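Okay, structure first, notes after.
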Protein chains: 2
Amino acid sequence: MSLPRFNPFVETLAAPPIPSVFAWTAAYDGRNGPMIDLSQAVPGYPPHPEMLRLLGECAASRAWTGYGPIEGEDALRRAYADHVRGVYDAGIAAANIHITAGCNQAFICAAMAVAGADDAVLMTDPYYFNQETTLAMLGVRTRLAACDPDNGFLPDVEALAAAVTPDVRAIALVSPNNPTGAVYPPRLLGEIYDLCASRGIWLILDETYRDFLPEGAGRPHDLFGRPGWENTLIGLYSFSKSFCIPGHRLGAITAGTAAVEQIAKIMDNMQICPPRAAQAAVATALPALAGWREENRREIARRAIALRETMAAAAGWKIGAVGAYFAFIGHPFSGVASADVAERLAKKAGVLCLPGSYFGPGQEGYLRFAFANADADTIALLRQRLSGFTLD
Amino acid sequence: MSLPRFNPFVETLAAPPIPSVFAWTAAYDGRNGPMIDLSQAVPGYPPHPEMLRLLGECAASRAWTGYGPIEGEDALRRAYADHVRGVYDAGIAAANIHITAGCNQAFICAAMAVAGADDAVLMTDPYYFNQETTLAMLGVRTRLAACDPDNGFLPDVEALAAAVTPDVRAIALVSPNNPTGAVYPPRLLGEIYDLCASRGIWLILDETYRDFLPEGAGRPHDLFGRPGWENTLIGLYSFSKSFCIPGHRLGAITAGTAAVEQIAKIMDNMQICPPRAAQAAVATALPALAGWREENRREIARRAIALRETMAAAAGWKIGAVGAYFAFIGHPFSGVASADVAERLAKKAGVLCLPGSYFGPGQEGYLRFAFANADADTIALLRQRLSGFTLD
């Protein structure tokens, strides 16, 4: 009589990283003041009162208690299609949108739509850890192409091209990047799109942090306007960061209708439909709170400036990359594991961030700071905490 | 230059069945009165006003806008553990509970925790179609053991035992059953549990319709009280039916802490956390609305009686099984595909239900009636609609 086993693809995964990091806070004695939490990417400001009012109103209504369309509420698909059309100046319709319960779910659906066990997906190193663990638990192989720190952690098209083995079904990118914050230029994204199109593979592009691109940066890229984009591109997005409502779990996929059809089959099995009341609320808030989101874009930009100033004065520390929402920070302790640095930084200095090693095998020299979580005054406190920090 | 392909495990799945069936309603001209919708399992009565008030209050609060624990809110895990402890008279703690966004998600998480591509899961024929398609899209093989209509569609332990090939990692059961409504007796569940334990495989037991068991039926089974149950049993549940809130997407897994740990890794990738405001609301409603749920249990029992009366008077039609929520109805058109019967029944007679073929290869002679959707007066109308129905 033997005990049943777990799926080895799941059992061999490490425990989810964020709760492990949160556990370090209990050991910080508060000597430098309150913990500065730069770990999980959550906006440090509250949702707009109108957002909360809408969420409450919709959740109290019987209208949203039944099952809804698998692909999402028509009103939100239309509102988001309008939004996407404006951002990219491209002909996106409601039929191109599939609503999900957050962007992790958008990624797993997109990944499953194009790759099964023993297929492979090509990612950058560093990568967003949940994308790597999602593929691993599905038995999908991961290929990695390193990003050069000396090039601001931008992906290298030659390196990507060389890593497209015959089993690769897609390249998965995140821009603005998590963890580095790097914003991929439109031309670079265009070259990677061309690579995918020429090799007959998908480009899965996660743009969760798109709303925090610098003001006046122009279109993030022109890919949704290219003829036949539906046969190459799958775009991912999250309402969590822009509306400060991650607890309500809402994200979106923008894709060709054939891909939406495949994803609906997956979502029917995974969830039947996304949570409805929040969809109804965000459908109204998306146009209504556009001005508020612009203010937040400027606020996050001020925080990026504050971070640059702070880090310039922290001896031995350097910014590897900084952009929308995140910075990838080189720590001064050469040869020490990034997890050890991050753990001691939390417990001794009161700065909570994620080790570079969570984002790929080549990232031991770095830490991810989700600087958007903290206001400029709090970011200014980092200088003292980092400058005075030693490992002993 | 070739176009990228979709994952064949997904591409070969049929389109989600419920929307296809809904599409038939447009072709019904209303000649017999309003469509009687017995298709999707949704309660035909509204949620309790206090449930809506709680949902609205929690959704309007900033307290639930951030990310929450992957495993679910502590308050709901505790409240549901208390509930489960009461139902089964067993030592279930909050640490044994993982909250999910509905029971389909509970199933995919449980399945992924124990089986990967090229493993197999053993199901009954008929099965709940989303469980079959979930396994198929993961590349998990399905083995089937037929249920005998002459034995009320109860699974046969010998048939299950014979179907446990070496690649089978789990048996997946639903009791009360979807689609048949059959309630599996505690002793039968005990025998299947023993089979699983002796063969070193998991028993995944979906009890979504548990709250609609006949009054005074006693404990559904004693499995959560067995020594070492954590190494064999994974229980699934949905708050959707009992609280009439499927649109808010909440379900639960009851399992050993080692299984909860594996499932948390999956859920982190799939969703980060379940929708939080609804969890907070249901944590309060679970004890508060116990009396209301008992009333509903009695109401559904009255509907089952009404269905038995109606069907006894519908010539040529027979009840294959009837129980909590569902009945599996033998139609009189021998040799005609169940999808053809269901489609014409919808378009001509104004009765919407699901074809037996959606639930397994051996079920062409049957239709699933989700009779709990309709009140007793509406169910009484079925007699006339069915008796007067012909295929031409």
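Here's how to read the names in the structure tokens: chain A, B, ... by the order shown, residue numbers from 1 in each chain, ligand numbers from 1 in the order shown.
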Helix (DSSP H, G or I) per DSSP on the backbone: members of stretch 111-148 of chain A, as a list of chain:residue names:
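Assigned to helix (DSSP H, G or I), within stretch 111-148 of chain A: A:Ala111, A:Met112, A:Ala113, A:Val114, A:Phe129, A:Asn130, A:Gln131, A:Glu132, A:Thr133, A:Thr134, A:Leu135, A:Ala136, A:Met137.
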Requested write-out: N, CA, C and O atoms of the selected residues, as a PDB file, in the first residue's frame:
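After the write, result01.pdb holds the following:
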ATOM      1  N   ALA A 111      -0.691  31.052 -22.481  1.00  0.00           N
ATOM      2  CA  ALA A 111       0.329  30.008 -22.602  1.00  0.00           C
ATOM      3  C   ALA A 111      -0.302  28.677 -22.978  1.00  0.00           C
ATOM      4  O   ALA A 111       0.176  27.979 -23.884  1.00  0.00           O
ATOM      5  N   MET A 112      -1.398  28.323 -22.309  1.00  0.00           N
ATOM      6  CA  MET A 112      -2.053  27.043 -22.601  1.00  0.00           C
ATOM      7  C   MET A 112      -2.657  27.034 -24.001  1.00  0.00           C
ATOM      8  O   MET A 112      -2.755  25.975 -24.623  1.00  0.00           O
ATOM      9  N   ALA A 113      -3.081  28.189 -24.459  1.00  0.00           N
ATOM     10  CA  ALA A 113      -3.673  28.250 -25.803  1.00  0.00           C
ATOM     11  C   ALA A 113      -2.653  27.911 -26.877  1.00  0.00           C
ATOM     12  O   ALA A 113      -3.021  27.434 -27.950  1.00  0.00           O
ATOM     13  N   VAL A 114      -1.379  28.152 -26.606  1.00  0.00           N
ATOM     14  CA  VAL A 114      -0.382  27.967 -27.664  1.00  0.00           C
ATOM     15  C   VAL A 114       0.632  26.862 -27.381  1.00  0.00           C
ATOM     16  O   VAL A 114       1.313  26.399 -28.302  1.00  0.00           O
ATOM     17  N   PHE A 129       8.666  35.851 -12.401  1.00  0.00           N
ATOM     18  CA  PHE A 129       8.755  34.477 -11.876  1.00  0.00           C
ATOM     19  C   PHE A 129       7.473  33.670 -12.059  1.00  0.00           C
ATOM     20  O   PHE A 129       7.530  32.472 -12.304  1.00  0.00           O
ATOM     21  N   ASN A 130       6.315  34.298 -11.920  1.00  0.00           N
ATOM     22  CA  ASN A 130       5.085  33.515 -12.077  1.00  0.00           C
ATOM     23  C   ASN A 130       4.910  32.983 -13.498  1.00  0.00           C
ATOM     24  O   ASN A 130       4.258  31.963 -13.710  1.00  0.00           O
ATOM     25  N   GLN A 131       5.474  33.671 -14.479  1.00  0.00           N
ATOM     26  CA  GLN A 131       5.397  33.133 -15.843  1.00  0.00           C
ATOM     27  C   GLN A 131       6.251  31.878 -15.953  1.00  0.00           C
ATOM     28  O   GLN A 131       5.849  30.886 -16.573  1.00  0.00           O
ATOM     29  N   GLU A 132       7.411  31.905 -15.311  1.00  0.00           N
ATOM     30  CA  GLU A 132       8.290  30.732 -15.376  1.00  0.00           C
ATOM     31  C   GLU A 132       7.668  29.548 -14.645  1.00  0.00           C
ATOM     32  O   GLU A 132       7.649  28.428 -15.155  1.00  0.00           O
ATOM     33  N   THR A 133       7.103  29.782 -13.446  1.00  0.00           N
ATOM     34  CA  THR A 133       6.521  28.674 -12.680  1.00  0.00           C
ATOM     35  C   THR A 133       5.227  28.175 -13.331  1.00  0.00           C
ATOM     36  O   THR A 133       4.909  26.992 -13.250  1.00  0.00           O
ATOM     37  N   THR A 134       4.491  29.077 -13.977  1.00  0.00           N
ATOM     38  CA  THR A 134       3.290  28.645 -14.696  1.00  0.00           C
ATOM     39  C   THR A 134       3.651  27.644 -15.782  1.00  0.00           C
ATOM     40  O   THR A 134       3.040  26.571 -15.901  1.00  0.00           O
ATOM     41  N   LEU A 135       4.648  27.970 -16.578  1.00  0.00           N
ATOM     42  CA  LEU A 135       5.074  27.062 -17.643  1.00  0.00           C
ATOM     43  C   LEU A 135       5.587  25.752 -17.056  1.00  0.00           C
ATOM     44  O   LEU A 135       5.245  24.667 -17.534  1.00  0.00           O
ATOM     45  N   ALA A 136       6.370  25.864 -15.991  1.00  0.00           N
ATOM     46  CA  ALA A 136       6.946  24.653 -15.387  1.00  0.00           C
ATOM     47  C   ALA A 136       5.851  23.716 -14.901  1.00  0.00           C
ATOM     48  O   ALA A 136       5.923  22.503 -15.106  1.00  0.00           O
ATOM     49  N   MET A 137       4.816  24.251 -14.281  1.00  0.00           N
ATOM     50  CA  MET A 137       3.793  23.346 -13.720  1.00  0.00           C
ATOM     51  C   MET A 137       2.945  22.716 -14.817  1.00  0.00           C
ATOM     52  O   MET A 137       2.315  21.685 -14.598  1.00  0.00           O
TER      53      MET A 137
END
Per-residue nearest contacts of chain A to chain B (6 Å; only C-alpha atoms) as CSV:
residue,atom,partner,partner_atom,distance
A:Met1,CA,B:Ser198,CA,5.5
A:Ser2,CA,B:Gly200,CA,4.9
A:Leu3,CA,B:Gly200,CA,4.9
A:Pro4,CA,B:Gly200,CA,4.5
A:Phe6,CA,B:Val114,CA,4.4
A:Asn7,CA,B:Val114,CA,4.5
A:Pro16,CA,B:Lys265,CA,5.8
A:Leu52,CA,B:Ala60,CA,4.6
A:Arg53,CA,B:Ala60,CA,5.6
A:Leu55,CA,B:Ala59,CA,5.4
A:Gly56,CA,B:Ala60,CA,4.0
A:Ala59,CA,B:Gly56,CA,4.7
A:Ala60,CA,B:Gly56,CA,4.0
A:Trp64,CA,B:Gly247,CA,5.9
A:Thr65,CA,B:Gly247,CA,4.5
A:Gly66,CA,B:Gly247,CA,4.7
A:Tyr67,CA,B:Gly247,CA,4.8
A:Asn104,CA,B:Gln271,CA,5.7
A:Gln105,CA,B:Met270,CA,4.9
A:Ala113,CA,B:Asn7,CA,5.4
A:Val114,CA,B:Phe6,CA,4.4
A:Ala115,CA,B:Asn7,CA,4.9
A:Gly116,CA,B:Asn7,CA,5.8
A:Asn130,CA,B:Asn269,CA,5.5
A:Thr134,CA,B:Asn269,CA,5.5
A:Ser198,CA,B:Met1,CA,5.4
A:Gly200,CA,B:Pro4,CA,4.5
A:Ile201,CA,B:Pro4,CA,4.7
A:Ile245,CA,B:Thr65,CA,4.6
A:Pro246,CA,B:Gly66,CA,5.3
A:Gly247,CA,B:Thr65,CA,4.5
A:His248,CA,B:Pro275,CA,5.0
A:Arg249,CA,B:Pro275,CA,5.8
A:Lys265,CA,B:Pro16,CA,5.9
A:Asn269,CA,B:Thr134,CA,5.5
A:Met270,CA,B:Gln105,CA,4.9
A:Gln271,CA,B:Gln105,CA,5.4
A:Pro275,CA,B:His248,CA,5.0
A:Arg276,CA,B:Gly247,CA,5.4
Using DSSP on the backbone coordinates, identify all residues within stretch 22-213 of chain A classified as strand (DSSP E or B); present the result as an MDAnalysis selection string.
chainID A and resid 36:37 97:100 120:125 141:146 168:174 202:206
Distance criterion (only C-alpha atoms): nearest to B:Glu158 out of B:Ser175, B:Ile192, B:Ala285, B:Gly320
B:Ile192
Between atom CA of B:Leu345 and atom CA of B:Leu386, distance in Å (one decimal)
8.2 Å
Identify, on the basis of only C-alpha atoms, every residue whose closest approach to B:Val174 does not exceed 12 Å; exclude the query and any residue fewer than 5 positions from it along the same chain; express the result as number ranges by chain.
B: 103, 107, 123-131, 153-155, 179-184, 189, 203-210, 234-237, 324
For the residues in the current selection, export N, CA, C and O atoms as a CSV table (one decimal), in the first residue's frame.
chain,number,residue,atom,x,y,z
B,103,CYS,N,-16.0,26.1,-8.3
B,103,CYS,CA,-15.6,24.7,-8.2
B,103,CYS,C,-14.9,24.2,-9.4
B,103,CYS,O,-14.1,23.2,-9.3
B,107,PHE,N,-11.5,22.1,-9.2
B,107,PHE,CA,-11.2,20.8,-9.8
B,107,PHE,C,-9.9,20.9,-10.6
B,107,PHE,O,-9.0,20.0,-10.5
B,123,MET,N,-12.7,8.5,-14.4
B,123,MET,CA,-14.0,9.2,-14.1
B,123,MET,C,-15.1,8.2,-14.4
B,123,MET,O,-14.9,7.1,-15.0
B,124,THR,N,-16.3,8.5,-14.0
B,124,THR,CA,-17.5,7.7,-14.4
B,124,THR,C,-18.0,8.2,-15.7
B,124,THR,O,-17.7,9.3,-16.2
B,125,ASP,N,-18.8,7.3,-16.4
B,125,ASP,CA,-19.5,7.7,-17.6
B,125,ASP,C,-21.0,7.4,-17.2
B,125,ASP,O,-21.4,6.3,-17.0
B,126,PRO,N,-21.8,8.5,-17.1
B,126,PRO,CA,-21.6,9.9,-17.4
B,126,PRO,C,-20.7,10.6,-16.4
B,126,PRO,O,-20.6,10.2,-15.2
B,127,TYR,N,-20.1,11.7,-16.9
B,127,TYR,CA,-19.2,12.6,-16.1
B,127,TYR,C,-19.7,14.0,-16.2
B,127,TYR,O,-20.5,14.3,-17.1
B,128,TYR,N,-19.1,14.9,-15.4
B,128,TYR,CA,-19.4,16.3,-15.5
B,128,TYR,C,-18.5,16.9,-16.6
B,128,TYR,O,-17.2,16.8,-16.5
B,129,PHE,N,-19.0,17.4,-17.7
B,129,PHE,CA,-18.2,17.7,-18.9
B,129,PHE,C,-17.0,18.6,-18.7
B,129,PHE,O,-16.0,18.4,-19.3
B,130,ASN,N,-17.1,19.5,-17.8
B,130,ASN,CA,-15.9,20.4,-17.6
B,130,ASN,C,-14.8,19.7,-16.9
B,130,ASN,O,-13.6,20.1,-17.1
B,131,GLN,N,-15.1,18.6,-16.2
B,131,GLN,CA,-14.0,17.9,-15.6
B,131,GLN,C,-13.2,17.1,-16.7
B,131,GLN,O,-12.0,17.0,-16.8
B,153,PHE,N,-27.6,4.7,-11.8
B,153,PHE,CA,-26.4,5.5,-12.3
B,153,PHE,C,-25.3,5.6,-11.1
B,153,PHE,O,-24.5,6.5,-11.2
B,154,LEU,N,-25.4,4.7,-10.2
B,154,LEU,CA,-24.3,4.6,-9.2
B,154,LEU,C,-23.1,4.0,-9.8
B,154,LEU,O,-23.2,3.1,-10.6
B,155,PRO,N,-21.9,4.5,-9.4
B,155,PRO,CA,-20.7,3.8,-9.9
B,155,PRO,C,-20.6,2.4,-9.3
B,155,PRO,O,-21.0,2.1,-8.2
B,179,PRO,N,-24.1,14.7,-14.1
B,179,PRO,CA,-25.5,15.1,-14.4
B,179,PRO,C,-26.7,14.4,-13.9
B,179,PRO,O,-27.8,14.8,-14.0
B,180,THR,N,-26.5,13.2,-13.2
B,180,THR,CA,-27.6,12.4,-12.9
B,180,THR,C,-28.5,12.8,-11.7
B,180,THR,O,-29.6,12.4,-11.6
B,181,GLY,N,-27.9,13.5,-10.8
B,181,GLY,CA,-28.5,13.8,-9.5
B,181,GLY,C,-28.4,12.7,-8.5
B,181,GLY,O,-28.7,12.9,-7.3
B,182,ALA,N,-27.8,11.5,-8.9
B,182,ALA,CA,-27.7,10.4,-8.0
B,182,ALA,C,-26.9,10.8,-6.8
B,182,ALA,O,-25.8,11.4,-6.9
B,183,VAL,N,-27.4,10.4,-5.6
B,183,VAL,CA,-26.7,10.6,-4.4
B,183,VAL,C,-25.9,9.3,-4.1
B,183,VAL,O,-26.6,8.2,-3.9
B,184,TYR,N,-24.6,9.4,-4.0
B,184,TYR,CA,-23.8,8.2,-3.7
B,184,TYR,C,-23.9,7.8,-2.2
B,184,TYR,O,-23.6,8.7,-1.4
B,189,LEU,N,-19.3,5.2,-1.2
B,189,LEU,CA,-18.1,6.2,-1.2
B,189,LEU,C,-17.0,5.6,-0.3
B,189,LEU,O,-15.8,5.7,-0.7
B,203,LEU,N,-8.6,10.2,-4.3
B,203,LEU,CA,-10.0,10.4,-4.6
B,203,LEU,C,-10.4,11.9,-4.6
B,203,LEU,O,-10.3,12.5,-3.5
B,204,ILE,N,-10.7,12.4,-5.7
B,204,ILE,CA,-11.2,13.8,-5.8
B,204,ILE,C,-12.7,13.8,-5.8
B,204,ILE,O,-13.3,13.3,-6.8
B,205,LEU,N,-13.3,14.3,-4.8
B,205,LEU,CA,-14.8,14.1,-4.6
B,205,LEU,C,-15.4,15.5,-4.6
B,205,LEU,O,-15.2,16.3,-3.7
B,206,ASP,N,-16.1,15.8,-5.7
B,206,ASP,CA,-16.8,17.1,-5.9
B,206,ASP,C,-18.2,17.0,-5.2
B,206,ASP,O,-19.1,16.2,-5.7
B,207,GLU,N,-18.4,17.8,-4.2
B,207,GLU,CA,-19.7,17.8,-3.5
B,207,GLU,C,-20.4,19.2,-3.6
B,207,GLU,O,-21.0,19.7,-2.6
B,208,THR,N,-20.4,19.7,-4.8
B,208,THR,CA,-21.0,21.0,-5.0
B,208,THR,C,-22.4,21.1,-4.6
B,208,THR,O,-22.9,22.1,-4.1
B,209,TYR,N,-23.1,20.0,-4.7
B,209,TYR,CA,-24.6,20.0,-4.5
B,209,TYR,C,-25.0,19.3,-3.2
B,209,TYR,O,-26.1,19.0,-2.9
B,210,ARG,N,-24.0,19.3,-2.3
B,210,ARG,CA,-24.2,18.6,-1.0
B,210,ARG,C,-25.3,19.3,-0.1
B,210,ARG,O,-26.0,18.7,0.6
B,234,ILE,N,-9.4,14.5,-1.5
B,234,ILE,CA,-9.5,15.9,-1.8
B,234,ILE,C,-10.9,16.2,-2.1
B,234,ILE,O,-11.5,15.7,-3.1
B,235,GLY,N,-11.5,17.1,-1.3
B,235,GLY,CA,-13.0,17.4,-1.4
B,235,GLY,C,-13.1,18.8,-2.1
B,235,GLY,O,-12.4,19.7,-1.8
B,236,LEU,N,-14.1,18.9,-2.9
B,236,LEU,CA,-14.4,20.1,-3.7
B,236,LEU,C,-15.8,20.6,-3.3
B,236,LEU,O,-16.7,19.8,-3.1
B,237,TYR,N,-16.0,21.9,-3.4
B,237,TYR,CA,-17.3,22.5,-3.0
B,237,TYR,C,-17.4,23.8,-3.7
B,237,TYR,O,-16.5,24.4,-4.1
B,324,ALA,N,-30.4,15.4,-5.8
B,324,ALA,CA,-30.2,16.8,-5.4
B,324,ALA,C,-29.9,17.6,-6.7
B,324,ALA,O,-28.9,17.3,-7.4
